[in-house]
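Coordinates from input.tsv are shown below (TSV, N, CA and C atoms).
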chain	number	residue	atom	x	y	z
A	315	MET	N	-145.17	-11.45	2.93
A	315	MET	CA	-143.82	-11.03	2.58
A	315	MET	C	-143.39	-9.80	3.39
A	316	ILE	N	-144.36	-8.97	3.74
A	316	ILE	CA	-144.02	-7.76	4.50
A	316	ILE	C	-143.45	-8.11	5.87
A	317	TRP	N	-143.96	-9.18	6.48
A	317	TRP	CA	-143.44	-9.57	7.80
A	317	TRP	C	-142.02	-10.10	7.70
A	318	ILE	N	-141.70	-10.80	6.62
A	318	ILE	CA	-140.33	-11.26	6.41
A	318	ILE	C	-139.41	-10.05	6.28
A	319	ALA	N	-139.86	-9.05	5.54
A	319	ALA	CA	-139.08	-7.83	5.36
A	319	ALA	C	-138.89	-7.11	6.70
A	320	ARG	N	-139.94	-7.01	7.48
A	320	ARG	CA	-139.84	-6.34	8.79
A	320	ARG	C	-138.88	-7.07	9.72
A	321	VAL	N	-138.99	-8.39	9.76
A	321	VAL	CA	-138.09	-9.18	10.61
A	321	VAL	C	-136.65	-9.03	10.12
A	322	GLY	N	-136.45	-9.07	8.81
A	322	GLY	CA	-135.10	-8.91	8.25
A	322	GLY	C	-134.50	-7.56	8.59
A	323	VAL	N	-135.28	-6.51	8.44
A	323	VAL	CA	-134.79	-5.16	8.77
A	323	VAL	C	-134.53	-5.05	10.27
A	324	ALA	N	-135.41	-5.65	11.07
A	324	ALA	CA	-135.20	-5.62	12.52
A	324	ALA	C	-133.90	-6.34	12.89
A	325	LEU	N	-133.65	-7.50	12.28
A	325	LEU	CA	-132.40	-8.22	12.56
A	325	LEU	C	-131.17	-7.42	12.12
A	326	ALA	N	-131.24	-6.81	10.94
A	326	ALA	CA	-130.14	-5.98	10.47
A	326	ALA	C	-129.91	-4.80	11.42
A	327	GLY	N	-131.01	-4.21	11.88
A	327	GLY	CA	-130.91	-3.09	12.82
A	327	GLY	C	-130.34	-3.51	14.15
A	328	LEU	N	-130.78	-4.63	14.68
A	328	LEU	CA	-130.27	-5.11	15.97
A	328	LEU	C	-128.79	-5.48	15.88
A	329	PHE	N	-128.40	-6.11	14.78
A	329	PHE	CA	-126.99	-6.42	14.56
A	329	PHE	C	-126.16	-5.13	14.55
A	330	SER	N	-126.63	-4.14	13.81
A	330	SER	CA	-125.91	-2.87	13.71
A	330	SER	C	-125.86	-2.15	15.06
A	331	LEU	N	-126.96	-2.18	15.79
A	331	LEU	CA	-126.99	-1.56	17.11
A	331	LEU	C	-125.99	-2.24	18.04
A	332	ALA	N	-126.00	-3.57	18.06
A	332	ALA	CA	-125.08	-4.31	18.93
A	332	ALA	C	-123.62	-3.99	18.58
A	333	MET	N	-123.31	-3.97	17.28
A	333	MET	CA	-121.92	-3.67	16.88
A	333	MET	C	-121.55	-2.24	17.23
A	334	GLY	N	-122.44	-1.30	16.98
A	334	GLY	CA	-122.16	0.10	17.30
A	334	GLY	C	-121.93	0.30	18.78
A	335	LEU	N	-122.78	-0.27	19.60
A	335	LEU	CA	-122.62	-0.13	21.06
A	335	LEU	C	-121.36	-0.83	21.55
A	336	LEU	N	-121.03	-1.97	20.94
A	336	LEU	CA	-119.79	-2.66	21.32
A	336	LEU	C	-118.57	-1.81	20.98
A	337	PHE	N	-118.60	-1.14	19.83
A	337	PHE	CA	-117.47	-0.26	19.49
A	337	PHE	C	-117.37	0.92	20.45
A	338	TRP	N	-118.49	1.41	20.95
A	338	TRP	CA	-118.43	2.48	21.95
A	338	TRP	C	-117.90	1.96	23.28
A	339	ALA	N	-118.39	0.79	23.69
A	339	ALA	CA	-118.06	0.27	25.02
A	339	ALA	C	-116.67	-0.35	25.08
A	340	ASP	N	-116.29	-1.11	24.07
A	340	ASP	CA	-115.02	-1.84	24.11
A	340	ASP	C	-114.44	-1.92	22.70
A	341	PRO	N	-113.85	-0.83	22.22
A	341	PRO	CA	-113.39	-0.81	20.83
A	341	PRO	C	-112.32	-1.86	20.54
A	342	ALA	N	-111.50	-2.20	21.53
A	342	ALA	CA	-110.47	-3.21	21.29
A	342	ALA	C	-111.09	-4.57	21.00
A	343	ARG	N	-112.08	-4.94	21.80
A	343	ARG	CA	-112.76	-6.23	21.60
A	343	ARG	C	-113.55	-6.24	20.29
A	344	ALA	N	-114.28	-5.17	20.02
A	344	ALA	CA	-115.06	-5.10	18.79
A	344	ALA	C	-114.13	-5.11	17.58
A	345	GLY	N	-113.06	-4.35	17.66
A	345	GLY	CA	-112.10	-4.31	16.56
A	345	GLY	C	-111.47	-5.67	16.32
A	346	SER	N	-111.15	-6.36	17.39
A	346	SER	CA	-110.57	-7.69	17.29
A	346	SER	C	-111.50	-8.65	16.56
A	347	ALA	N	-112.80	-8.53	16.80
A	347	ALA	CA	-113.77	-9.39	16.14
A	347	ALA	C	-113.77	-9.17	14.63
A	348	LEU	N	-113.35	-7.99	14.19
A	348	LEU	CA	-113.31	-7.67	12.76
A	348	LEU	C	-111.90	-7.68	12.18
A	349	GLY	N	-110.93	-8.10	13.00
A	349	GLY	CA	-109.56	-8.13	12.53
A	349	GLY	C	-108.88	-6.78	12.55
A	350	LEU	N	-109.37	-5.87	13.38
A	350	LEU	CA	-108.81	-4.53	13.50
A	350	LEU	C	-108.17	-4.35	14.87
A	351	ALA	N	-107.18	-3.49	14.92
A	351	ALA	CA	-106.57	-3.18	16.20
A	351	ALA	C	-106.19	-1.71	16.23
A	352	GLY	N	-106.47	-1.06	17.35
A	352	GLY	CA	-106.02	0.31	17.54
A	352	GLY	C	-104.57	0.27	18.01
A	353	ILE	N	-103.67	0.86	17.26
A	353	ILE	CA	-102.25	0.80	17.57
A	353	ILE	C	-101.93	1.59	18.83
A	354	ASP	N	-102.62	2.69	19.03
A	354	ASP	CA	-102.38	3.54	20.19
A	354	ASP	C	-103.72	4.14	20.62
A	355	ALA	N	-103.68	5.11	21.51
A	355	ALA	CA	-104.91	5.71	22.03
A	355	ALA	C	-105.74	6.36	20.91
A	356	LEU	N	-105.07	7.00	19.96
A	356	LEU	CA	-105.79	7.60	18.84
A	356	LEU	C	-106.47	6.52	17.99
A	357	GLY	N	-105.79	5.39	17.80
A	357	GLY	CA	-106.39	4.29	17.05
A	357	GLY	C	-107.62	3.73	17.74
A	358	GLU	N	-107.55	3.57	19.07
A	358	GLU	CA	-108.71	3.10	19.85
A	358	GLU	C	-109.85	4.11	19.72
A	359	ASN	N	-109.50	5.39	19.79
A	359	ASN	CA	-110.51	6.43	19.67
A	359	ASN	C	-111.15	6.42	18.29
A	360	SER	N	-110.36	6.17	17.25
A	360	SER	CA	-110.88	6.11	15.89
A	360	SER	C	-111.81	4.91	15.71
A	361	LEU	N	-111.45	3.77	16.31
A	361	LEU	CA	-112.34	2.62	16.26
A	361	LEU	C	-113.67	2.96	16.92
A	362	ARG	N	-113.58	3.57	18.09
A	362	ARG	CA	-114.79	3.93	18.84
A	362	ARG	C	-115.64	4.91	18.04
A	363	ALA	N	-115.03	5.89	17.42
A	363	ALA	CA	-115.78	6.93	16.71
A	363	ALA	C	-116.27	6.46	15.34
A	364	ASP	N	-115.37	6.01	14.51
A	364	ASP	CA	-115.70	5.74	13.11
A	364	ASP	C	-116.50	4.47	12.91
A	365	LEU	N	-116.09	3.40	13.56
A	365	LEU	CA	-116.81	2.14	13.36
A	365	LEU	C	-118.15	2.15	14.06
A	366	ALA	N	-118.22	2.77	15.24
A	366	ALA	CA	-119.53	2.90	15.89
A	366	ALA	C	-120.46	3.70	15.00
A	367	ALA	N	-119.97	4.77	14.41
A	367	ALA	CA	-120.81	5.60	13.53
A	367	ALA	C	-121.29	4.79	12.33
A	368	PHE	N	-120.41	3.99	11.73
A	368	PHE	CA	-120.78	3.15	10.59
A	368	PHE	C	-121.99	2.28	10.94
A	369	PHE	N	-121.90	1.60	12.08
A	369	PHE	CA	-122.98	0.68	12.45
A	369	PHE	C	-124.22	1.42	12.97
A	370	LEU	N	-124.02	2.49	13.70
A	370	LEU	CA	-125.18	3.19	14.28
A	370	LEU	C	-125.97	3.97	13.24
A	371	VAL	N	-125.33	4.40	12.17
A	371	VAL	CA	-126.08	5.00	11.06
A	371	VAL	C	-126.99	3.94	10.43
A	372	ASN	N	-126.47	2.75	10.29
A	372	ASN	CA	-127.29	1.67	9.73
A	372	ASN	C	-128.43	1.30	10.66
A	373	PHE	N	-128.18	1.28	11.96
A	373	PHE	CA	-129.26	1.04	12.92
A	373	PHE	C	-130.33	2.13	12.80
A	374	THR	N	-129.91	3.37	12.70
A	374	THR	CA	-130.85	4.49	12.59
A	374	THR	C	-131.71	4.36	11.34
A	375	ALA	N	-131.10	3.97	10.23
A	375	ALA	CA	-131.87	3.78	8.99
A	375	ALA	C	-132.92	2.69	9.18
A	376	CYS	N	-132.54	1.60	9.83
A	376	CYS	CA	-133.51	0.52	10.07
A	376	CYS	C	-134.64	0.99	10.98
A	377	ALA	N	-134.31	1.75	12.01
A	377	ALA	CA	-135.33	2.25	12.94
A	377	ALA	C	-136.28	3.21	12.22
A	378	LEU	N	-135.73	4.09	11.38
A	378	LEU	CA	-136.58	5.02	10.64
A	378	LEU	C	-137.53	4.28	9.69
A	379	ALA	N	-137.04	3.22	9.10
A	379	ALA	CA	-137.89	2.44	8.19
A	379	ALA	C	-138.99	1.72	8.96
A	380	LEU	N	-138.64	1.14	10.09
A	380	LEU	CA	-139.62	0.35	10.83
A	380	LEU	C	-140.63	1.18	11.61
A	381	PHE	N	-140.15	2.25	12.22
A	381	PHE	CA	-141.01	2.99	13.15
A	381	PHE	C	-141.58	4.28	12.60
A	382	ARG	N	-140.96	4.80	11.54
A	382	ARG	CA	-141.46	6.05	10.96
A	382	ARG	C	-141.99	5.85	9.55
A	383	GLY	N	-141.86	4.65	9.01
A	383	GLY	CA	-142.34	4.38	7.66
A	383	GLY	C	-141.49	5.02	6.58
A	384	GLN	N	-140.23	5.30	6.88
A	384	GLN	CA	-139.34	5.95	5.91
A	384	GLN	C	-138.36	4.92	5.33
A	385	ALA	N	-138.91	4.02	4.54
A	385	ALA	CA	-138.14	2.89	4.01
A	385	ALA	C	-137.00	3.33	3.10
A	386	HIS	N	-137.08	4.52	2.53
A	386	HIS	CA	-136.02	4.97	1.62
A	386	HIS	C	-134.66	5.04	2.30
A	387	TRP	N	-134.62	5.18	3.62
A	387	TRP	CA	-133.35	5.19	4.34
A	387	TRP	C	-132.60	3.87	4.18
A	388	LEU	N	-133.31	2.81	3.92
A	388	LEU	CA	-132.67	1.50	3.81
A	388	LEU	C	-131.79	1.39	2.57
A	389	TYR	N	-132.09	2.18	1.54
A	389	TYR	CA	-131.23	2.17	0.35
A	389	TYR	C	-129.84	2.71	0.70
A	390	GLY	N	-129.79	3.76	1.50
A	390	GLY	CA	-128.50	4.30	1.92
A	390	GLY	C	-127.74	3.31	2.78
A	391	SER	N	-128.45	2.63	3.66
A	391	SER	CA	-127.83	1.63	4.51
A	391	SER	C	-127.27	0.48	3.67
A	392	ALA	N	-128.04	0.02	2.69
A	392	ALA	CA	-127.56	-1.04	1.80
A	392	ALA	C	-126.35	-0.57	1.02
A	393	LEU	N	-126.34	0.70	0.63
A	393	LEU	CA	-125.19	1.25	-0.09
A	393	LEU	C	-123.94	1.22	0.78
A	394	VAL	N	-124.07	1.57	2.04
A	394	VAL	CA	-122.92	1.55	2.95
A	394	VAL	C	-122.32	0.15	3.03
A	395	PHE	N	-123.18	-0.85	3.23
A	395	PHE	CA	-122.67	-2.23	3.28
A	395	PHE	C	-122.15	-2.67	1.92
A	396	GLY	N	-122.78	-2.20	0.84
A	396	GLY	CA	-122.30	-2.52	-0.50
A	396	GLY	C	-120.91	-1.96	-0.76
A	397	LEU	N	-120.66	-0.75	-0.30
A	397	LEU	CA	-119.33	-0.17	-0.45
A	397	LEU	C	-118.31	-0.92	0.40
A	398	ALA	N	-118.74	-1.43	1.54
A	398	ALA	CA	-117.84	-2.24	2.36
A	398	ALA	C	-117.46	-3.52	1.61
A	399	VAL	N	-118.43	-4.17	0.99
A	399	VAL	CA	-118.14	-5.38	0.21
A	399	VAL	C	-117.22	-5.04	-0.97
A	400	PHE	N	-117.50	-3.93	-1.62
A	400	PHE	CA	-116.65	-3.50	-2.74
A	400	PHE	C	-115.21	-3.31	-2.27
A	401	GLY	N	-115.05	-2.67	-1.12
A	401	GLY	CA	-113.71	-2.49	-0.56
A	401	GLY	C	-113.05	-3.82	-0.25
A	402	ARG	N	-113.81	-4.78	0.24
A	402	ARG	CA	-113.25	-6.12	0.51
A	402	ARG	C	-112.76	-6.75	-0.79
A	403	PHE	N	-113.53	-6.62	-1.88
A	403	PHE	CA	-113.11	-7.19	-3.14
A	403	PHE	C	-111.87	-6.49	-3.70
A	404	ILE	N	-111.77	-5.19	-3.49
A	404	ILE	CA	-110.53	-4.49	-3.88
A	404	ILE	C	-109.36	-5.10	-3.12
A	405	GLY	N	-109.54	-5.31	-1.81
A	405	GLY	CA	-108.47	-5.91	-1.00
A	405	GLY	C	-108.11	-7.30	-1.48
A	406	ILE	N	-109.09	-8.09	-1.86
A	406	ILE	CA	-108.82	-9.44	-2.35
A	406	ILE	C	-108.03	-9.38	-3.65
A	407	ILE	N	-108.39	-8.46	-4.53
A	407	ILE	CA	-107.68	-8.32	-5.81
A	407	ILE	C	-106.25	-7.83	-5.58
A	408	VAL	N	-106.08	-6.84	-4.73
A	408	VAL	CA	-104.77	-6.23	-4.52
A	408	VAL	C	-103.85	-7.10	-3.67
A	409	ASP	N	-104.39	-7.64	-2.56
A	409	ASP	CA	-103.56	-8.33	-1.58
A	409	ASP	C	-103.77	-9.84	-1.54
A	410	GLY	N	-104.76	-10.33	-2.24
A	410	GLY	CA	-105.12	-11.74	-2.14
A	410	GLY	C	-106.13	-11.93	-1.01
A	411	PRO	N	-106.83	-13.04	-1.02
A	411	PRO	CA	-107.86	-13.25	0.00
A	411	PRO	C	-107.24	-13.60	1.36
A	412	PRO	N	-107.55	-12.82	2.38
A	412	PRO	CA	-107.04	-13.16	3.71
A	412	PRO	C	-107.85	-14.30	4.31
A	413	PRO	N	-107.27	-15.02	5.26
A	413	PRO	CA	-108.03	-16.09	5.91
A	413	PRO	C	-109.28	-15.51	6.58
A	414	GLY	N	-110.39	-16.21	6.44
A	414	GLY	CA	-111.62	-15.80	7.09
A	414	GLY	C	-112.42	-14.75	6.36
A	415	ILE	N	-112.06	-14.40	5.13
A	415	ILE	CA	-112.74	-13.32	4.42
A	415	ILE	C	-114.17	-13.69	4.03
A	416	ALA	N	-114.45	-14.98	3.88
A	416	ALA	CA	-115.78	-15.38	3.43
A	416	ALA	C	-116.87	-14.96	4.43
A	417	GLN	N	-116.62	-15.11	5.71
A	417	GLN	CA	-117.65	-14.81	6.71
A	417	GLN	C	-118.13	-13.36	6.66
A	418	PRO	N	-117.23	-12.36	6.72
A	418	PRO	CA	-117.75	-10.99	6.67
A	418	PRO	C	-118.41	-10.65	5.34
A	419	VAL	N	-117.91	-11.19	4.23
A	419	VAL	CA	-118.53	-10.92	2.94
A	419	VAL	C	-119.94	-11.50	2.91
A	420	ILE	N	-120.10	-12.72	3.39
A	420	ILE	CA	-121.43	-13.33	3.41
A	420	ILE	C	-122.38	-12.55	4.30
A	421	ILE	N	-121.91	-12.15	5.49
A	421	ILE	CA	-122.76	-11.37	6.40
A	421	ILE	C	-123.18	-10.07	5.74
A	422	GLU	N	-122.24	-9.38	5.11
A	422	GLU	CA	-122.57	-8.11	4.48
A	422	GLU	C	-123.52	-8.29	3.30
A	423	LEU	N	-123.34	-9.34	2.51
A	423	LEU	CA	-124.25	-9.59	1.39
A	423	LEU	C	-125.66	-9.94	1.89
A	424	VAL	N	-125.75	-10.71	2.97
A	424	VAL	CA	-127.05	-11.02	3.55
A	424	VAL	C	-127.71	-9.74	4.06
A	425	LEU	N	-126.94	-8.88	4.74
A	425	LEU	CA	-127.49	-7.61	5.22
A	425	LEU	C	-127.99	-6.75	4.06
A	426	ILE	N	-127.23	-6.70	2.99
A	426	ILE	CA	-127.66	-5.94	1.81
A	426	ILE	C	-128.98	-6.49	1.29
A	427	GLY	N	-129.07	-7.80	1.18
A	427	GLY	CA	-130.31	-8.41	0.71
A	427	GLY	C	-131.49	-8.09	1.60
A	428	LEU	N	-131.30	-8.19	2.92
A	428	LEU	CA	-132.38	-7.88	3.86
A	428	LEU	C	-132.80	-6.42	3.76
A	429	LEU	N	-131.81	-5.54	3.64
A	429	LEU	CA	-132.11	-4.11	3.57
A	429	LEU	C	-132.83	-3.74	2.28
A	430	LEU	N	-132.41	-4.32	1.16
A	430	LEU	CA	-133.08	-4.04	-0.11
A	430	LEU	C	-134.48	-4.63	-0.13
A	431	LEU	N	-134.66	-5.83	0.41
A	431	LEU	CA	-135.99	-6.40	0.52
A	431	LEU	C	-136.87	-5.50	1.39
A	432	GLY	N	-136.32	-5.04	2.49
A	432	GLY	CA	-137.07	-4.15	3.37
A	432	GLY	C	-137.43	-2.84	2.69
A	433	ALA	N	-136.50	-2.27	1.95
A	433	ALA	CA	-136.76	-1.01	1.26
A	433	ALA	C	-137.88	-1.16	0.25
A	434	ARG	N	-137.87	-2.28	-0.47
A	434	ARG	CA	-138.91	-2.50	-1.49
A	434	ARG	C	-140.26	-2.79	-0.84
A	435	GLN	N	-140.27	-3.67	0.15
A	435	GLN	CA	-141.54	-4.08	0.74
A	435	GLN	C	-142.13	-3.00	1.65
A	436	LEU	N	-141.30	-2.40	2.48
A	436	LEU	CA	-141.81	-1.40	3.42
A	436	LEU	C	-142.10	-0.08	2.74
A	437	GLY	N	-141.51	0.12	1.57
A	437	GLY	CA	-141.72	1.36	0.84
A	437	GLY	C	-142.95	1.38	-0.03
A	438	GLN	N	-143.62	0.24	-0.15
A	438	GLN	CA	-144.83	0.18	-0.98
A	438	GLN	C	-145.97	0.88	-0.26
A	439	ARG	N	-146.65	1.67	-0.98
A	439	ARG	CA	-147.82	2.37	-0.40
A	439	ARG	C	-149.04	1.46	-0.45
A	440	VAL	N	-149.73	1.44	0.64
A	440	VAL	CA	-150.97	0.67	0.71
A	440	VAL	C	-152.08	1.53	0.14
A	441	PRO	N	-152.81	1.02	-0.87
A	441	PRO	CA	-153.88	1.83	-1.45
A	441	PRO	C	-154.96	2.10	-0.41
A	442	SER	N	-155.42	3.33	-0.36
A	442	SER	CA	-156.48	3.67	0.59
A	442	SER	C	-157.83	3.58	-0.11
A	443	GLY	N	-158.81	3.39	0.70
A	443	GLY	CA	-160.13	3.42	0.12
A	443	GLY	C	-160.82	2.20	0.35

Once you've parsed the file, please lay out its structure as structure tokens.
Amino acid sequence: MIWIARVGVALAGLFSLAMGLLFWADPARAGSALGLAGIDALGENSLRADLAAFFLVNFTACALALFRGQAHWLYGSALVFGLAVFGRFIGIIVDGPPPGIAQPVIIELVLIGLLLLGARQLGQRVPSG
């Protein structure tokens, strides 16, 4: 089970790294993939700064869990994605479901599951002796 958790956390981390780097390199393209658009130069800059930070913090948490044995960081990462899902549900309640909403919700729920599995499995102490 630990290997499934490691692979899941690695996949979540690689996804987050790819999205974060894409927001740094091409915020218009990355934003478009998520249904976002920078209206002007400040909007493009905000996409580059804020969305890259969102994803790169999650990548950092995954890296700390995998390479430093600090699995507790994954709870914070799962919380970030959980708050994103919560915000999506607020939007669905207030504005109705937009076309294509199922895909990002499913991706975020899968990421939450992988991160929580990783936090539980990677956070277990191996008895010494």

Stretch 350-364 of chain A, all listed atoms, 3 Å padding on each side: what axis-aligned box centre and edge lengths in Å to one decimal come out, as JSON?
{"center_x": -109.2, "center_y": 0.9, "center_z": 17.5, "size_x": 20.6, "size_y": 19.5, "size_z": 15.1}

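Taking only C-alpha atoms into account, the residues near (-140.3, -3.2, 4.6), no farther than 7 Å, are Ile316, Ala319, Arg320, Ala385, Leu431, Gly432, Ala433, Arg434, Gln435, Leu436 and Gly437 of chain A.
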
*May I ask for the distance between atom CA of A:Phe369 and atom CA of A:Gly327, given in Å to one decimal place?*
8.8 Å

*Can you list, as JSON, numbers by chain, every protein, DNA or RNA residue that comes within 8 Å of A:Leu335 when you count only N, CA and C atoms, leaving out same-chain residues fewer than 2 positions away?*
{"A": [329, 330, 331, 332, 333, 337, 338, 339, 340, 341, 365, 366, 367, 369, 370]}

*asked:* Please extract the residues of chain A with a backbone DSSP assignment of alpha helix (DSSP H) and present them as an NGL selection string.
replied: :A and (316-339 or 341-347 or 355-360 or 366-382 or 387-409 or 416-436)

*Which is closer to A:Ala377 than all the others in A:Val419, A:Gly427, A:Leu328, A:Gly396, using only N, CA and C atoms?*
A:Leu328

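Between atom CA of A:Val371 and atom C of A:Val424 the separation is 16.4 Å.
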
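Take atom CA of A:Val323 and atom C of A:Ser346: the distance between them is 24.8 Å.
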
*So, counting only N, CA and C atoms, which residue among A:Pro413, A:Gly352, A:Gly334, A:Gly390 is closest to A:Phe368?*
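Smallest distance to A:Phe368 is found for A:Gly334.
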
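Among the candidates A:Leu336, A:Trp317, A:Gly345, A:Ala392, the one nearest to A:Leu425 when counting all atoms listed in the file is A:Ala392.
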
_Can you pull out the residues contacting stretch 400-408 of chain A? Cut-off 10 Å, using only C-alpha atoms, and skip same-chain residues under 6 positions away; I want them as number ranges by chain._
A: 394, 415, 418-419

*Using only C-alpha atoms, which residue out of A:Leu423, A:His386, A:Glu358, A:Val321 lies closest to A:Ala344?*
A:Glu358

Complete the atom set of stretch 393-409 of chain A to N, CA, C and O atoms and return it as a PDB file, keeping the file's coordinate frame.
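Here's the written file rebuild.pdb:
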ATOM      1  N   LEU A 393    -126.340   0.700   0.630  1.00  0.00           N
ATOM      2  CA  LEU A 393    -125.190   1.250  -0.090  1.00  0.00           C
ATOM      3  C   LEU A 393    -123.940   1.220   0.780  1.00  0.00           C
ATOM      4  O   LEU A 393    -122.850   0.877   0.303  1.00  0.00           O
ATOM      5  N   VAL A 394    -124.070   1.570   2.040  1.00  0.00           N
ATOM      6  CA  VAL A 394    -122.920   1.550   2.950  1.00  0.00           C
ATOM      7  C   VAL A 394    -122.320   0.150   3.030  1.00  0.00           C
ATOM      8  O   VAL A 394    -121.106  -0.034   2.902  1.00  0.00           O
ATOM      9  N   PHE A 395    -123.180  -0.850   3.230  1.00  0.00           N
ATOM     10  CA  PHE A 395    -122.670  -2.230   3.280  1.00  0.00           C
ATOM     11  C   PHE A 395    -122.150  -2.670   1.920  1.00  0.00           C
ATOM     12  O   PHE A 395    -121.177  -3.423   1.827  1.00  0.00           O
ATOM     13  N   GLY A 396    -122.780  -2.200   0.840  1.00  0.00           N
ATOM     14  CA  GLY A 396    -122.300  -2.520  -0.500  1.00  0.00           C
ATOM     15  C   GLY A 396    -120.910  -1.960  -0.760  1.00  0.00           C
ATOM     16  O   GLY A 396    -120.057  -2.635  -1.348  1.00  0.00           O
ATOM     17  N   LEU A 397    -120.660  -0.750  -0.300  1.00  0.00           N
ATOM     18  CA  LEU A 397    -119.330  -0.170  -0.450  1.00  0.00           C
ATOM     19  C   LEU A 397    -118.310  -0.920   0.400  1.00  0.00           C
ATOM     20  O   LEU A 397    -117.145  -1.055  -0.002  1.00  0.00           O
ATOM     21  N   ALA A 398    -118.740  -1.430   1.540  1.00  0.00           N
ATOM     22  CA  ALA A 398    -117.840  -2.240   2.360  1.00  0.00           C
ATOM     23  C   ALA A 398    -117.460  -3.520   1.610  1.00  0.00           C
ATOM     24  O   ALA A 398    -116.283  -3.910   1.593  1.00  0.00           O
ATOM     25  N   VAL A 399    -118.430  -4.170   0.990  1.00  0.00           N
ATOM     26  CA  VAL A 399    -118.140  -5.380   0.210  1.00  0.00           C
ATOM     27  C   VAL A 399    -117.220  -5.040  -0.970  1.00  0.00           C
ATOM     28  O   VAL A 399    -116.271  -5.773  -1.256  1.00  0.00           O
ATOM     29  N   PHE A 400    -117.500  -3.930  -1.620  1.00  0.00           N
ATOM     30  CA  PHE A 400    -116.650  -3.500  -2.740  1.00  0.00           C
ATOM     31  C   PHE A 400    -115.210  -3.310  -2.270  1.00  0.00           C
ATOM     32  O   PHE A 400    -114.261  -3.746  -2.927  1.00  0.00           O
ATOM     33  N   GLY A 401    -115.050  -2.670  -1.120  1.00  0.00           N
ATOM     34  CA  GLY A 401    -113.710  -2.490  -0.560  1.00  0.00           C
ATOM     35  C   GLY A 401    -113.050  -3.820  -0.250  1.00  0.00           C
ATOM     36  O   GLY A 401    -111.829  -3.979  -0.436  1.00  0.00           O
ATOM     37  N   ARG A 402    -113.810  -4.780   0.240  1.00  0.00           N
ATOM     38  CA  ARG A 402    -113.250  -6.120   0.510  1.00  0.00           C
ATOM     39  C   ARG A 402    -112.760  -6.750  -0.790  1.00  0.00           C
ATOM     40  O   ARG A 402    -111.692  -7.373  -0.823  1.00  0.00           O
ATOM     41  N   PHE A 403    -113.530  -6.620  -1.880  1.00  0.00           N
ATOM     42  CA  PHE A 403    -113.110  -7.190  -3.140  1.00  0.00           C
ATOM     43  C   PHE A 403    -111.870  -6.490  -3.700  1.00  0.00           C
ATOM     44  O   PHE A 403    -111.014  -7.136  -4.304  1.00  0.00           O
ATOM     45  N   ILE A 404    -111.770  -5.190  -3.490  1.00  0.00           N
ATOM     46  CA  ILE A 404    -110.530  -4.490  -3.880  1.00  0.00           C
ATOM     47  C   ILE A 404    -109.360  -5.100  -3.120  1.00  0.00           C
ATOM     48  O   ILE A 404    -108.301  -5.375  -3.694  1.00  0.00           O
ATOM     49  N   GLY A 405    -109.540  -5.310  -1.810  1.00  0.00           N
ATOM     50  CA  GLY A 405    -108.470  -5.910  -1.000  1.00  0.00           C
ATOM     51  C   GLY A 405    -108.110  -7.300  -1.480  1.00  0.00           C
ATOM     52  O   GLY A 405    -106.923  -7.669  -1.499  1.00  0.00           O
ATOM     53  N   ILE A 406    -109.090  -8.090  -1.860  1.00  0.00           N
ATOM     54  CA  ILE A 406    -108.820  -9.440  -2.350  1.00  0.00           C
ATOM     55  C   ILE A 406    -108.030  -9.380  -3.650  1.00  0.00           C
ATOM     56  O   ILE A 406    -107.074 -10.147  -3.839  1.00  0.00           O
ATOM     57  N   ILE A 407    -108.390  -8.460  -4.530  1.00  0.00           N
ATOM     58  CA  ILE A 407    -107.680  -8.320  -5.810  1.00  0.00           C
ATOM     59  C   ILE A 407    -106.250  -7.830  -5.580  1.00  0.00           C
ATOM     60  O   ILE A 407    -105.300  -8.348  -6.165  1.00  0.00           O
ATOM     61  N   VAL A 408    -106.080  -6.840  -4.730  1.00  0.00           N
ATOM     62  CA  VAL A 408    -104.770  -6.230  -4.520  1.00  0.00           C
ATOM     63  C   VAL A 408    -103.850  -7.100  -3.670  1.00  0.00           C
ATOM     64  O   VAL A 408    -102.672  -7.283  -3.990  1.00  0.00           O
ATOM     65  N   ASP A 409    -104.390  -7.640  -2.560  1.00  0.00           N
ATOM     66  CA  ASP A 409    -103.560  -8.330  -1.580  1.00  0.00           C
ATOM     67  C   ASP A 409    -103.770  -9.840  -1.540  1.00  0.00           C
ATOM     68  O   ASP A 409    -103.060 -10.541  -0.823  1.00  0.00           O
TER      69      ASP A 409
END
